[in-house]
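**Q** data-v9.txt is reproduced in full below (compact mmCIF, C-alpha atoms).
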```txt
# COMPACT_ATOMS: atom_id res chain seq x y z
CA MET A 1 -32.78 -9.06 -2.24
CA VAL A 2 -30.69 -11.70 -0.48
CA ASP A 3 -30.50 -11.85 3.29
CA PRO A 4 -26.79 -11.55 4.18
CA VAL A 5 -26.96 -14.74 6.25
CA LYS A 6 -27.93 -16.64 3.08
CA MET A 7 -24.98 -15.43 1.04
CA GLN A 8 -23.60 -18.97 0.82
CA ASP A 9 -26.86 -20.08 -0.80
CA ALA A 10 -26.49 -17.31 -3.37
CA VAL A 11 -22.93 -18.38 -4.17
CA GLU A 12 -24.03 -22.00 -4.61
CA GLN A 13 -26.87 -20.93 -6.93
CA MET A 14 -24.42 -18.94 -9.06
CA ASP A 15 -22.12 -21.95 -9.26
CA ILE A 16 -25.01 -24.13 -10.44
CA LEU A 17 -26.04 -21.67 -13.16
CA LEU A 18 -22.52 -21.18 -14.42
CA ALA A 19 -21.75 -24.90 -14.34
CA ALA A 20 -24.86 -25.44 -16.49
CA GLY A 21 -23.43 -23.05 -19.08
CA ASN A 22 -26.13 -20.43 -18.58
CA PRO A 23 -24.41 -17.04 -18.00
CA ASP A 24 -27.57 -15.10 -18.97
CA ALA A 25 -29.50 -16.74 -16.13
CA ALA A 26 -26.55 -16.14 -13.78
CA ALA A 27 -26.51 -12.44 -14.72
CA GLU A 28 -30.27 -12.21 -14.19
CA TYR A 29 -29.86 -13.86 -10.80
CA LEU A 30 -27.28 -11.23 -9.78
CA ARG A 31 -29.66 -8.48 -10.85
CA GLY A 32 -32.14 -9.76 -8.29
CA LEU A 33 -29.69 -9.36 -5.43
CA HIS A 34 -28.75 -6.28 -3.47
CA SER A 35 -25.92 -4.58 -5.32
CA ALA A 36 -23.55 -5.11 -2.37
CA ASP A 37 -24.21 -8.88 -2.38
CA ALA A 38 -24.00 -9.09 -6.17
CA ALA A 39 -20.72 -7.17 -6.12
CA GLU A 40 -19.22 -9.51 -3.53
CA ILE A 41 -20.17 -12.59 -5.55
CA LEU A 42 -18.95 -11.11 -8.84
CA ALA A 43 -15.65 -10.02 -7.29
CA HIS A 44 -14.83 -13.53 -6.07
CA LEU A 45 -15.78 -15.46 -9.20
CA GLU A 46 -13.05 -17.05 -11.27
CA PRO A 47 -11.73 -14.78 -14.06
CA GLU A 48 -13.33 -17.00 -16.70
CA SER A 49 -16.76 -16.51 -15.13
CA GLN A 50 -16.21 -12.75 -14.75
CA ALA A 51 -15.33 -12.58 -18.45
CA LEU A 52 -18.64 -14.25 -19.32
CA LEU A 53 -20.79 -12.11 -17.03
CA ALA A 54 -19.31 -8.59 -17.18
CA PRO A 55 -20.38 -7.81 -20.79
CA LEU A 56 -23.97 -8.87 -19.99
CA PHE A 57 -24.61 -5.94 -17.64
CA GLU A 58 -25.55 -2.38 -18.55
CA PRO A 59 -23.05 0.37 -17.59
CA ASN A 60 -25.26 1.63 -14.76
CA GLU A 61 -25.51 -1.90 -13.33
CA LEU A 62 -21.76 -2.42 -13.37
CA ALA A 63 -21.33 1.06 -11.87
CA ASP A 64 -23.48 0.00 -8.90
CA PHE A 65 -21.36 -3.13 -8.48
CA PHE A 66 -18.04 -1.30 -8.82
CA GLU A 67 -19.04 1.26 -6.17
CA GLN A 68 -19.51 -1.64 -3.73
CA MET A 69 -16.16 -3.31 -4.52
CA ASP A 70 -12.58 -2.60 -3.55
CA GLU A 71 -10.83 -0.78 -6.37
CA ALA A 72 -8.58 -3.78 -7.08
CA ASP A 73 -11.58 -6.11 -7.44
CA ALA A 74 -13.37 -3.61 -9.68
CA VAL A 75 -10.30 -3.38 -11.91
CA ASP A 76 -10.20 -7.19 -12.17
CA VAL A 77 -13.79 -7.23 -13.43
CA ALA A 78 -13.23 -4.20 -15.67
CA SER A 79 -10.28 -5.96 -17.31
CA HIS A 80 -12.80 -8.15 -19.13
CA LEU A 81 -14.32 -5.09 -20.87
CA ASP A 82 -12.94 -2.98 -23.67
CA LEU A 83 -11.86 0.54 -22.71
CA ASP A 84 -14.91 2.19 -24.29
CA ALA A 85 -17.16 0.05 -22.11
CA VAL A 86 -15.10 0.90 -19.03
CA ALA A 87 -15.50 4.60 -19.85
CA ASP A 88 -19.29 4.17 -20.05
CA VAL A 89 -19.32 2.47 -16.64
CA LEU A 90 -17.18 5.19 -15.02
CA ASP A 91 -19.49 7.86 -16.42
CA GLU A 92 -22.26 6.29 -14.31
CA MET A 93 -20.21 6.27 -11.11
CA GLU A 94 -19.69 8.95 -8.47
CA PRO A 95 -16.72 11.07 -9.63
CA ASP A 96 -14.61 10.31 -6.54
CA MET A 97 -15.09 6.55 -6.94
CA ALA A 98 -14.41 6.73 -10.67
CA ALA A 99 -11.19 8.62 -9.91
CA ASP A 100 -10.12 5.94 -7.42
CA LEU A 101 -10.72 3.19 -9.96
CA LEU A 102 -8.84 5.05 -12.68
CA ALA A 103 -5.89 5.40 -10.31
CA GLU A 104 -5.66 1.60 -10.20
CA LEU A 105 -5.31 1.30 -13.99
CA GLU A 106 -2.06 1.50 -15.90
CA PRO A 107 -1.31 5.18 -16.72
CA ASP A 108 -1.78 4.77 -20.46
CA GLU A 109 -5.06 2.88 -19.95
CA ALA A 110 -6.32 5.53 -17.54
CA THR A 111 -5.51 8.25 -20.06
CA ARG A 112 -7.35 6.44 -22.86
CA VAL A 113 -10.39 5.81 -20.66
CA LEU A 114 -10.51 9.48 -19.60
CA GLU A 115 -10.46 10.52 -23.25
CA GLN A 116 -13.57 8.41 -23.86
CA MET A 117 -15.49 9.62 -20.79
CA ASP A 118 -18.27 12.20 -20.96
CA GLU A 119 -17.65 13.08 -17.29
CA ALA A 120 -13.88 13.45 -17.63
CA ASP A 121 -14.01 17.10 -16.53
CA ALA A 122 -15.57 16.03 -13.23
CA VAL A 123 -13.24 13.10 -12.61
CA ALA A 124 -9.82 14.29 -13.81
CA PRO A 125 -9.37 17.05 -11.15
CA LEU A 126 -9.95 14.51 -8.38
CA MET A 127 -7.04 12.37 -9.56
CA ALA A 128 -4.55 15.07 -8.61
CA TYR A 129 -4.81 14.29 -4.89
CA PRO A 130 -3.48 11.34 -2.86
CA GLU A 131 -6.18 8.71 -2.50
CA ASP A 132 -5.96 8.72 1.32
CA SER A 133 -6.49 12.49 1.62
CA ALA A 134 -9.61 14.64 1.78
CA GLY A 135 -8.98 15.59 -1.84
CA GLY A 136 -8.79 11.93 -2.79
CA ILE A 137 -12.21 11.04 -1.35
CA MET A 138 -14.12 14.24 -2.09
CA ASN A 139 -16.67 14.93 -4.79
CA LEU A 140 -16.85 18.13 -6.79
CA PRO A 141 -18.38 21.04 -4.86
CA PRO A 142 -22.17 21.48 -5.02
CA PRO A 143 -23.79 24.63 -6.40
CA SER A 144 -23.18 27.39 -3.87
CA LEU A 145 -24.99 30.51 -2.77
CA ARG A 146 -23.86 34.13 -2.68
CA ARG A 147 -24.32 36.25 0.41
CA GLN A 148 -26.17 39.05 -1.41
CA MET A 149 -28.90 36.64 -2.59
CA THR A 150 -32.30 36.98 -0.97
CA VAL A 151 -33.97 33.90 0.46
CA SER A 152 -36.45 34.02 -2.43
CA GLU A 153 -33.61 34.05 -4.96
CA ALA A 154 -31.91 31.19 -3.12
CA TYR A 155 -35.09 29.08 -3.46
CA ARG A 156 -35.11 29.58 -7.23
CA TYR A 157 -31.38 28.90 -7.46
CA ILE A 158 -31.73 25.62 -5.58
CA LYS A 159 -34.59 24.44 -7.81
CA GLU A 160 -32.57 25.25 -10.93
CA HIS A 161 -29.25 23.72 -9.88
CA TYR A 162 -30.05 20.83 -7.54
CA HIS A 163 -31.54 17.88 -9.40
CA ASP A 164 -31.31 15.24 -6.66
CA ALA A 165 -32.56 15.72 -3.10
CA ASN A 166 -29.70 13.51 -1.89
CA GLU A 167 -27.23 16.17 -3.05
CA ILE A 168 -28.46 18.73 -0.53
CA PHE A 169 -26.55 18.28 2.72
CA TYR A 170 -25.64 21.87 3.51
CA LEU A 171 -25.78 25.06 1.44
CA TYR A 172 -22.39 26.72 1.26
CA VAL A 173 -21.85 30.41 0.69
CA LEU A 174 -18.91 31.71 -1.36
CA ASP A 175 -17.53 35.17 -2.04
CA ARG A 176 -16.70 36.41 -5.54
CA TYR A 177 -13.34 34.63 -5.45
CA GLY A 178 -14.84 31.25 -4.59
CA ARG A 179 -13.72 31.40 -0.96
CA LEU A 180 -15.89 29.71 1.65
CA ILE A 181 -17.43 32.31 3.93
CA GLY A 182 -20.53 30.65 5.40
CA VAL A 183 -23.04 27.83 5.50
CA VAL A 184 -26.83 27.91 5.53
CA ASN A 185 -28.90 25.33 7.33
CA LEU A 186 -31.91 24.19 5.28
CA ARG A 187 -34.19 24.70 8.27
CA ALA A 188 -32.98 28.28 8.69
CA LEU A 189 -33.59 28.92 5.00
CA ILE A 190 -37.16 27.59 5.20
CA LEU A 191 -38.00 29.63 8.30
CA ALA A 192 -36.39 32.86 7.06
CA ASP A 193 -38.29 35.80 5.61
CA GLN A 194 -38.30 35.80 1.81
CA ALA A 195 -36.72 39.24 1.72
CA GLN A 196 -33.82 38.43 4.04
CA THR A 197 -30.39 38.02 2.51
CA ILE A 198 -28.29 34.89 2.77
CA GLU A 199 -25.68 36.91 4.65
CA GLU A 200 -28.22 37.58 7.40
CA ILE A 201 -29.04 33.92 8.03
CA MET A 202 -25.76 32.15 7.26
CA GLN A 203 -23.36 30.79 9.88
CA ARG A 204 -19.93 32.31 9.44
CA ASP A 205 -17.97 29.70 11.40
CA VAL A 206 -17.74 26.82 8.94
CA LEU A 207 -15.98 23.58 9.83
CA SER A 208 -13.88 22.60 6.82
CA VAL A 209 -10.78 20.58 5.93
CA ARG A 210 -7.88 21.20 3.60
CA VAL A 211 -7.40 19.01 0.53
CA ASP A 212 -4.28 17.44 2.05
CA THR A 213 -5.98 16.41 5.32
CA ASP A 214 -5.60 12.68 5.99
CA GLN A 215 -8.82 10.75 5.36
CA GLU A 216 -8.72 9.26 8.86
CA ARG A 217 -8.73 12.76 10.34
CA VAL A 218 -11.73 13.61 8.13
CA ALA A 219 -13.57 10.50 9.33
CA ASN A 220 -12.86 11.43 12.94
CA LEU A 221 -14.42 14.86 12.40
CA PHE A 222 -17.59 13.25 11.05
CA ALA A 223 -17.82 11.00 14.08
CA ARG A 224 -17.06 13.78 16.57
CA TYR A 225 -19.47 16.40 15.20
CA ASP A 226 -22.19 14.11 13.73
CA LEU A 227 -21.75 15.58 10.25
CA LEU A 228 -23.46 14.60 7.02
CA ALA A 229 -20.90 16.41 4.86
CA ILE A 230 -17.84 18.59 5.21
CA PRO A 231 -16.44 21.12 2.70
CA VAL A 232 -12.91 20.76 1.37
CA VAL A 233 -10.87 23.90 0.71
CA ASP A 234 -7.49 24.72 -0.79
CA MET A 235 -4.68 26.80 0.71
CA ASP A 236 -6.61 30.00 -0.09
CA ASN A 237 -9.86 28.73 1.49
CA ARG A 238 -11.49 28.28 -1.91
CA LEU A 239 -14.11 25.55 -1.97
CA VAL A 240 -12.83 22.69 -4.15
CA GLY A 241 -15.01 19.78 -3.06
CA ILE A 242 -17.18 18.09 -0.50
CA VAL A 243 -16.83 14.85 1.46
CA THR A 244 -20.12 13.16 2.32
CA ILE A 245 -21.05 10.60 4.95
CA ASP A 246 -21.18 7.70 2.46
CA ASP A 247 -17.54 8.38 1.54
CA VAL A 248 -16.56 8.33 5.20
CA VAL A 249 -18.23 4.99 5.96
CA ASP A 250 -15.85 3.35 3.48
CA VAL A 251 -12.91 5.20 5.03
CA LEU A 252 -13.79 4.03 8.54
CA GLU A 253 -13.90 0.41 7.40
CA GLU A 254 -10.67 0.78 5.46
CA GLU A 255 -8.81 2.48 8.32
CA ALA A 256 -10.08 0.01 10.93
CA THR A 257 -8.96 -2.92 8.79
CA GLU A 258 -5.61 -1.27 8.14
CA ASP A 259 -4.96 -0.64 11.85
CA ILE A 260 -5.97 -4.17 12.87
CA TYR A 261 -3.72 -5.68 10.22
CA ARG A 262 -0.83 -3.43 11.15
CA LEU A 263 -1.08 -4.38 14.80
CA ALA A 264 -0.54 -7.96 13.62
CA GLN A 265 2.17 -6.88 11.12
CA ILE A 266 0.08 -7.93 8.11
CA SER A 267 -0.21 -5.97 4.86
CA GLU A 268 -3.56 -4.19 4.48
CA ASP A 269 -4.24 -5.99 1.18
CA ALA A 270 -4.13 -9.40 2.88
CA GLU A 271 -7.21 -11.61 2.49
CA ILE A 272 -8.08 -15.04 3.80
CA PHE A 273 -7.93 -16.58 0.31
CA SER A 274 -4.91 -14.63 -0.94
CA PRO A 275 -2.63 -16.60 -3.29
CA LEU A 276 0.05 -18.51 -1.40
CA THR A 277 2.94 -16.38 -2.68
CA ARG A 278 1.25 -13.10 -1.79
CA ALA A 279 0.18 -14.37 1.65
CA LEU A 280 3.76 -15.48 2.32
CA ARG A 281 5.14 -12.12 1.18
CA ASN A 282 2.67 -10.28 3.46
CA ARG A 283 3.37 -12.27 6.61
CA LEU A 284 6.90 -13.68 6.53
CA PRO A 285 9.04 -10.48 6.77
CA TRP A 286 7.61 -9.40 10.11
CA LEU A 287 7.99 -12.92 11.47
CA TYR A 288 11.71 -12.56 10.76
CA VAL A 289 11.71 -9.30 12.71
CA ASN A 290 9.90 -11.06 15.57
CA SER A 291 12.43 -13.87 15.50
CA VAL A 292 15.27 -11.37 15.99
CA THR A 293 13.54 -9.82 19.01
CA ALA A 294 12.76 -13.28 20.38
CA LEU A 295 16.45 -14.16 20.16
CA LEU A 296 17.19 -11.03 22.19
CA ALA A 297 14.93 -12.34 24.96
CA ALA A 298 16.58 -15.75 24.62
CA ALA A 299 19.96 -14.11 25.09
CA VAL A 300 18.77 -12.71 28.42
CA VAL A 301 17.70 -16.18 29.52
CA ALA A 302 21.08 -17.57 28.44
CA MET A 303 22.78 -15.18 30.88
CA TYR A 304 21.17 -17.12 33.73
CA GLU A 305 21.83 -20.67 32.52
CA ASP A 306 23.58 -21.56 35.78
CA THR A 307 20.63 -20.36 37.84
CA ILE A 308 18.16 -22.36 35.77
CA ALA A 309 20.43 -25.42 35.88
CA ALA A 310 20.59 -25.15 39.67
CA LEU A 311 16.81 -24.95 39.98
CA ALA A 312 14.91 -26.25 36.95
CA LEU A 313 11.63 -25.29 38.66
CA LEU A 314 12.24 -21.70 37.56
CA ALA A 315 11.47 -22.70 33.96
CA VAL A 316 7.88 -23.39 35.01
CA PHE A 317 7.24 -19.79 36.09
CA MET A 318 9.31 -17.86 33.52
CA PRO A 319 6.70 -17.87 30.71
CA VAL A 320 4.02 -16.64 33.10
CA VAL A 321 5.95 -13.50 34.01
CA ALA A 322 6.83 -12.70 30.38
CA GLY A 323 3.39 -13.60 29.02
CA MET A 324 1.45 -11.54 31.55
CA GLY A 325 3.76 -8.60 30.89
CA GLY A 326 3.13 -8.91 27.15
CA ASN A 327 -0.63 -8.95 27.67
CA ALA A 328 -0.55 -5.90 29.93
CA GLY A 329 1.74 -4.03 27.54
CA ASN A 330 -0.55 -4.76 24.59
CA GLN A 331 -3.55 -3.48 26.56
CA THR A 332 -1.89 -0.13 27.18
CA MET A 333 -0.37 0.02 23.70
CA THR A 334 -3.74 -0.58 21.99
CA ILE A 335 -5.40 2.24 23.93
CA VAL A 336 -2.52 4.64 23.19
CA VAL A 337 -2.42 3.75 19.47
CA ARG A 338 -6.17 4.30 19.21
CA SER A 339 -5.95 7.63 21.05
CA LEU A 340 -3.15 8.78 18.74
CA ALA A 341 -5.16 7.77 15.67
CA LEU A 342 -8.26 9.63 16.86
CA GLY A 343 -6.30 12.73 17.84
CA GLU A 344 -7.24 12.39 21.51
CA ILE A 345 -3.56 12.67 22.46
CA SER A 346 -0.42 13.86 20.69
CA VAL A 347 3.29 13.21 21.15
CA LYS A 348 3.42 16.29 23.39
CA ASP A 349 1.19 14.52 25.92
CA VAL A 350 3.71 11.73 26.61
CA TRP A 351 4.41 12.61 30.25
CA HIS A 352 0.77 13.30 31.02
CA VAL A 353 -0.22 9.90 29.60
CA LEU A 354 2.65 8.15 31.36
CA LEU A 355 1.78 9.68 34.74
CA HIS A 356 -1.82 8.59 34.22
CA GLU A 357 -0.96 5.00 33.27
CA LEU A 358 1.88 4.27 35.73
CA PRO A 359 -0.34 4.17 38.85
CA LEU A 360 -2.57 1.72 36.99
CA GLY A 361 0.47 -0.39 36.13
CA LEU A 362 1.57 -0.39 39.76
CA LEU A 363 -1.88 -1.45 40.93
CA LYS A 364 -2.07 -4.24 38.34
CA GLY A 365 1.41 -5.34 39.34
CA PHE A 366 0.54 -5.31 43.04
CA PHE A 367 -2.61 -7.41 42.72
CA LEU A 368 -1.17 -9.84 40.15
CA GLY A 369 2.12 -10.06 42.07
CA LEU A 370 0.26 -10.80 45.28
CA THR A 371 -1.76 -13.48 43.54
CA MET A 372 1.32 -15.09 42.00
CA PHE A 373 3.08 -14.96 45.36
CA VAL A 374 0.24 -16.93 46.97
CA VAL A 375 0.00 -19.40 44.05
CA ALA A 376 3.73 -20.19 44.03
CA TRP A 377 3.87 -20.45 47.83
CA LEU A 378 0.90 -22.79 48.07
CA TRP A 379 1.89 -24.81 45.00
CA LYS A 380 5.56 -25.36 45.79
CA GLY A 381 5.58 -24.61 49.51
CA ASN A 382 8.43 -22.10 49.16
CA LEU A 383 7.85 -18.60 50.54
CA ILE A 384 10.95 -17.12 48.85
CA LEU A 385 9.94 -18.54 45.45
CA GLY A 386 6.55 -16.88 45.87
CA LEU A 387 8.26 -13.59 46.76
CA VAL A 388 10.55 -13.77 43.70
CA PHE A 389 7.59 -14.61 41.44
CA GLY A 390 5.44 -11.81 42.84
CA LEU A 391 8.16 -9.13 42.72
CA ALA A 392 9.08 -10.08 39.14
CA MET A 393 5.43 -9.74 38.15
CA LEU A 394 5.22 -6.30 39.79
CA ILE A 395 8.37 -5.10 38.00
CA ASN A 396 7.21 -6.39 34.62
CA MET A 397 3.78 -4.77 34.97
CA VAL A 398 5.47 -1.39 35.45
CA VAL A 399 7.77 -2.03 32.46
CA ALA A 400 4.78 -3.18 30.37
CA THR A 401 2.82 -0.04 31.16
CA SER A 402 5.78 2.22 30.41
CA ALA A 403 6.52 0.44 27.12
CA GLY A 404 2.84 0.50 26.13
CA VAL A 405 2.87 4.29 26.45
CA LEU A 406 6.36 5.22 25.28
CA VAL A 407 6.81 2.89 22.29
CA PRO A 408 3.84 4.09 20.16
CA ILE A 409 4.39 7.75 21.06
CA VAL A 410 8.11 7.60 20.22
CA LEU A 411 7.35 5.81 16.95
CA LYS A 412 4.79 8.50 16.11
CA ARG A 413 7.35 11.17 16.93
CA ILE A 414 9.94 9.74 14.51
CA GLY A 415 7.39 9.27 11.73
CA VAL A 416 6.78 5.51 11.99
CA ASP A 417 3.18 4.27 12.10
CA PRO A 418 2.69 3.12 15.72
CA ALA A 419 0.02 0.64 14.65
CA LEU A 420 2.57 -1.14 12.47
CA ALA A 421 5.57 -1.58 14.75
CA SER A 422 4.49 -1.05 18.36
CA SER A 423 3.62 -4.62 19.28
CA VAL A 424 7.07 -5.94 18.29
CA PHE A 425 8.92 -3.55 20.57
CA VAL A 426 6.44 -3.74 23.45
CA THR A 427 6.60 -7.53 23.46
CA THR A 428 10.39 -7.43 23.32
CA ALA A 429 10.53 -5.03 26.28
CA THR A 430 8.23 -7.16 28.43
CA ASP A 431 9.98 -10.43 27.52
CA VAL A 432 13.42 -9.04 28.30
CA ALA A 433 12.28 -7.29 31.49
CA GLY A 434 10.25 -10.27 32.66
CA PHE A 435 13.05 -12.79 32.21
CA ALA A 436 15.68 -10.45 33.64
CA ALA A 437 13.60 -9.55 36.70
CA PHE A 438 12.56 -13.11 37.50
CA LEU A 439 15.91 -14.80 36.86
CA GLY A 440 17.86 -11.92 38.39
CA LEU A 441 15.88 -12.08 41.62
CA ALA A 442 16.11 -15.87 41.57
CA THR A 443 19.90 -15.62 41.30
CA VAL A 444 20.05 -13.30 44.30
CA PHE A 445 17.88 -15.61 46.44
CA LEU A 446 19.08 -18.89 44.93
CA ARG A 447 20.36 -20.26 48.25
CA TYR A 448 16.85 -20.01 49.69
CA LEU A 449 15.07 -21.62 46.72
CA GLY A 450 16.59 -25.10 46.79
```
So that I can check it, write out the structure of this file as structure tokens.
**A**
Amino acid sequence: MVDPVKMQDAVEQMDILLAAGNPDAAAEYLRGLHSADAAEILAHLEPESQALLAPLFEPNELADFFEQMDEADAVDVASHLDLDAVADVLDEMEPDMAADLLAELEPDEATRVLEQMDEADAVAPLMAYPEDSAGGIMNLPPPSLRRQMTVSEAYRYIKEHYHDANEIFYLYVLDRYGRLIGVVNLRALILADQAQTIEEIMQRDVLSVRVDTDQERVANLFARYDLLAIPVVDMDNRLVGIVTIDDVVDVLEEEATEDIYRLAQISEDAEIFSPLTRALRNRLPWLYVNSVTALLAAAVVAMYEDTIAALALLAVFMPVVAGMGGNAGNQTMTIVVRSLALGEISVKDVWHVLLHELPLGLLKGFFLGLTMFVVAWLWKGNLILGLVFGLAMLINMVVATSAGVLVPIVLKRIGVDPALASSVFVTTATDVAGFAAFLGLATVFLRYLG
């Protein structure tokens, strides 16, 4: 197994083997790596190299690699196999991951692959749900108990129906209609009397999620309640699947990456070595949006051209007021966006959050304003300039705090992802307010600034 810090050495070794025209040795080298490392290397090879290597692996080996890759990368590798071989690989994968990969194929290809799969009955139902929902990341439900079973009967049932110890997270109890009515802890089952019924030892309050629950909400439940698995139910509370901790780890990484990219207005499929055209398409549109908002701030500055012309020194301090406001606004905005995403606050909490953050904004404005007042006074020897600078900083800190709270909550209220658009509007608000406050106060006190 390769130490992650030596991944570059592994890549160089693969390049040497492939350059020497020895794909069999390259494939054998990948087999000696951890499947996550091998998957990363295979995913980033040139298509010609993938075409040489992919047919050399057994279906179970490729299944291990595919489960470690993004779906798009797995599809790229799978494109070098015939559809029968792809079906064999998907049969070796977890049903939820196989369903995700099939969703990336062209519809006619996906249909043909499903027809060739032995596990089609397990995979096809999972394709009916959006990929970012609980239904989209769940596996088929495990064998379940009935409440009238005795503990002794439950033991025999488990031995007959559970073939892998890793499958046993919790034992769910269903009624005759398949509705979820309880859960049995393995420890409780072991300690119970053999003659007791499952109904006597089961917990009736079962934490579950609906099939249409967003995957981020599911991940948050795992983190909050330290779960290993959570049952997924339909509208009638019938058990239709189970989400396990390994599924959620992938979701947490995916959602974190998505939120970080959205805060920077970058598409979630962006990568450092994306093709030039795709990278440009991902990044350029939002830069145009930013340019429009920047022109709005410039228009505010243009309103005070005479003031700036009368005292060019003002241009030295303008960026400080706007920049500090932007930083403060982004601090508040980031905390609010995170709290919205984790369900810690909702749009109904807007005034409560605002009343909590405004005193903090005033305090930040007071201390920063006082500091800027002293700096400007000592630097330029002008008490009034220091006062204008300090007051403008105080005003913009209050605006920054208000915008950092209100912008993401309002965007959430109107159905726009706050992680995607908040920073543009918060920055615009602080730029406009900062320039207006500083130049407006400077205009009022211009006679004392010369």
**Q** Any idea what's packed within 12 Å of segment 168-176 of chain A, counting all atoms listed in the file, ignoring anything in its chain fewer than 5 positions away? Could you give it as a VMD selection string?
**A** chain A and resid 141 to 149 154 to 155 157 to 159 161 to 163 181 to 189 197 to 208 227 to 233 237 to 246
**Q** Nearest residue to Leu391 of chain A out of A:Phe425, A:Tyr288, A:Phe438, A:Tyr225, using all atoms listed in the file?
**A**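 Between A:Phe425, A:Tyr288, A:Phe438, A:Tyr225, the residue approaching Leu391 of chain A most closely is A:Phe438.
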**Q** Which value, in Å to one decimal, gives the distance between atom CA of Leu56 of chain A and atom CA of Met14 of chain A?
**A**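 Result for atom CA of Leu56 of chain A versus atom CA of Met14 of chain A: 14.9 Å, one decimal.
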**Q** Using only C-alpha atoms for the distances, tell me which of A:Leu276, A:Leu441, A:Ala78, A:Ala403 is nearest to Val388 of chain A.
**A** A:Leu441
**Q** What gap, in Å, lies between atom CA of Phe66 of chain A and atom CA of Arg217 of chain A?
**A**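 Those two atoms sit 25.5 Å apart.
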**Q** Using only C-alpha atoms for the distances, tell me which of A:Leu81, A:Leu385, A:Ala341, A:Ala429 is nearest to Ala219 of chain A.
**A**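 Looking only at the distances to Ala219 of chain A, the closest residue turns out to be A:Ala341.
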**Q** Smallest atom-to-atom distance to Glu131 of chain A: which of A:Gly329, A:Val251, A:Arg447, A:Ala39, using only C-alpha atoms?
**A**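 Using only C-alpha atoms, the shortest distance to Glu131 of chain A belongs to A:Val251.
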**Q** Rounded to one decimal place, report the atom CA of Tyr448 of chain A-atom CA of Ile384 of chain A distance in Å.
**A**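 We find that atom CA of Tyr448 of chain A and atom CA of Ile384 of chain A lie 6.6 Å from each other.
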**Q** Between A:Val75, A:Met303, A:Glu344, A:His356, which residue has the minimum interatomic distance to Leu221 of chain A, considering all atoms listed in the file?
**A**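 The answer is A:Glu344, which sits nearest to Leu221 of chain A.
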**Q** Using all atoms listed in the file for the distances, tell me which of A:Ala26, A:Val289, A:Val218, A:Ile16 is nearest to Gly343 of chain A.
**A** A:Val218
**Q** What's around Arg112 of chain A at 12 Å? Count all atoms listed in the file, leave out sequence neighbours fewer than 3 positions away in its own chain, and write the answer as a PDB file with C-alpha atoms, keeping the file's coordinate frame.
**A**
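Output below, filename around-v2.pdb:
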```pdb
ATOM      1  CA  ASP A  82     -12.940  -2.980 -23.670  1.00  0.00           C
ATOM      2  CA  LEU A  83     -11.860   0.540 -22.710  1.00  0.00           C
ATOM      3  CA  ASP A  84     -14.910   2.190 -24.290  1.00  0.00           C
ATOM      4  CA  ALA A  85     -17.160   0.050 -22.110  1.00  0.00           C
ATOM      5  CA  VAL A  86     -15.100   0.900 -19.030  1.00  0.00           C
ATOM      6  CA  ALA A  87     -15.500   4.600 -19.850  1.00  0.00           C
ATOM      7  CA  LEU A 102      -8.840   5.050 -12.680  1.00  0.00           C
ATOM      8  CA  LEU A 105      -5.310   1.300 -13.990  1.00  0.00           C
ATOM      9  CA  GLU A 106      -2.060   1.500 -15.900  1.00  0.00           C
ATOM     10  CA  PRO A 107      -1.310   5.180 -16.720  1.00  0.00           C
ATOM     11  CA  ASP A 108      -1.780   4.770 -20.460  1.00  0.00           C
ATOM     12  CA  GLU A 109      -5.060   2.880 -19.950  1.00  0.00           C
ATOM     13  CA  GLU A 115     -10.460  10.520 -23.250  1.00  0.00           C
ATOM     14  CA  GLN A 116     -13.570   8.410 -23.860  1.00  0.00           C
ATOM     15  CA  MET A 117     -15.490   9.620 -20.790  1.00  0.00           C
ATOM     16  CA  ALA A 120     -13.880  13.450 -17.630  1.00  0.00           C
TER      17      ALA A 120
END
```
**Q** Would you compute, for all listed atoms of segment 32-42 of chain A, the axis-aligned bounding box grown by 6 Å on each side, and then report its centre and edge lengths in Å rounded to one decimal, as AutoDock Vina command-line options?
**A**
```
--center_x -25.5 --center_y -8.6 --center_z -5.6 --size_x 25.2 --size_y 20.0 --size_z 18.5
```
**Q** Show me the residues around (4.8, 0.6, 34.5) - criterion: an atom at most 7 Å away, all atoms listed in the file counted - as a PyMOL selection string.
**A** chain A and resi 358+361-362+397-402
**Q** From the structure just shown, export segment 404-409 of chain A with N, CA and C atoms as a short mmCIF file (atom, residue, chain, number, x, y, z; two decimals), in the first residue's frame.
**A**
```cif
data_model
loop_
_atom_site.label_atom_id
_atom_site.label_comp_id
_atom_site.auth_asym_id
_atom_site.auth_seq_id
_atom_site.Cartn_x
_atom_site.Cartn_y
_atom_site.Cartn_z
N GLY A 404 -24.43 40.77 6.01
CA GLY A 404 -24.00 39.39 6.22
C GLY A 404 -25.09 38.50 6.77
N VAL A 405 -26.03 39.09 7.50
CA VAL A 405 -27.17 38.34 8.03
C VAL A 405 -28.32 38.30 7.02
N LEU A 406 -28.70 39.46 6.52
CA LEU A 406 -29.92 39.56 5.72
C LEU A 406 -29.79 38.95 4.33
N VAL A 407 -28.64 39.14 3.67
CA VAL A 407 -28.50 38.66 2.29
C VAL A 407 -28.69 37.15 2.19
N PRO A 408 -27.94 36.31 2.94
CA PRO A 408 -28.16 34.86 2.79
C PRO A 408 -29.54 34.39 3.22
N ILE A 409 -30.11 35.02 4.25
CA ILE A 409 -31.44 34.59 4.70
C ILE A 409 -32.50 34.97 3.68
#
```
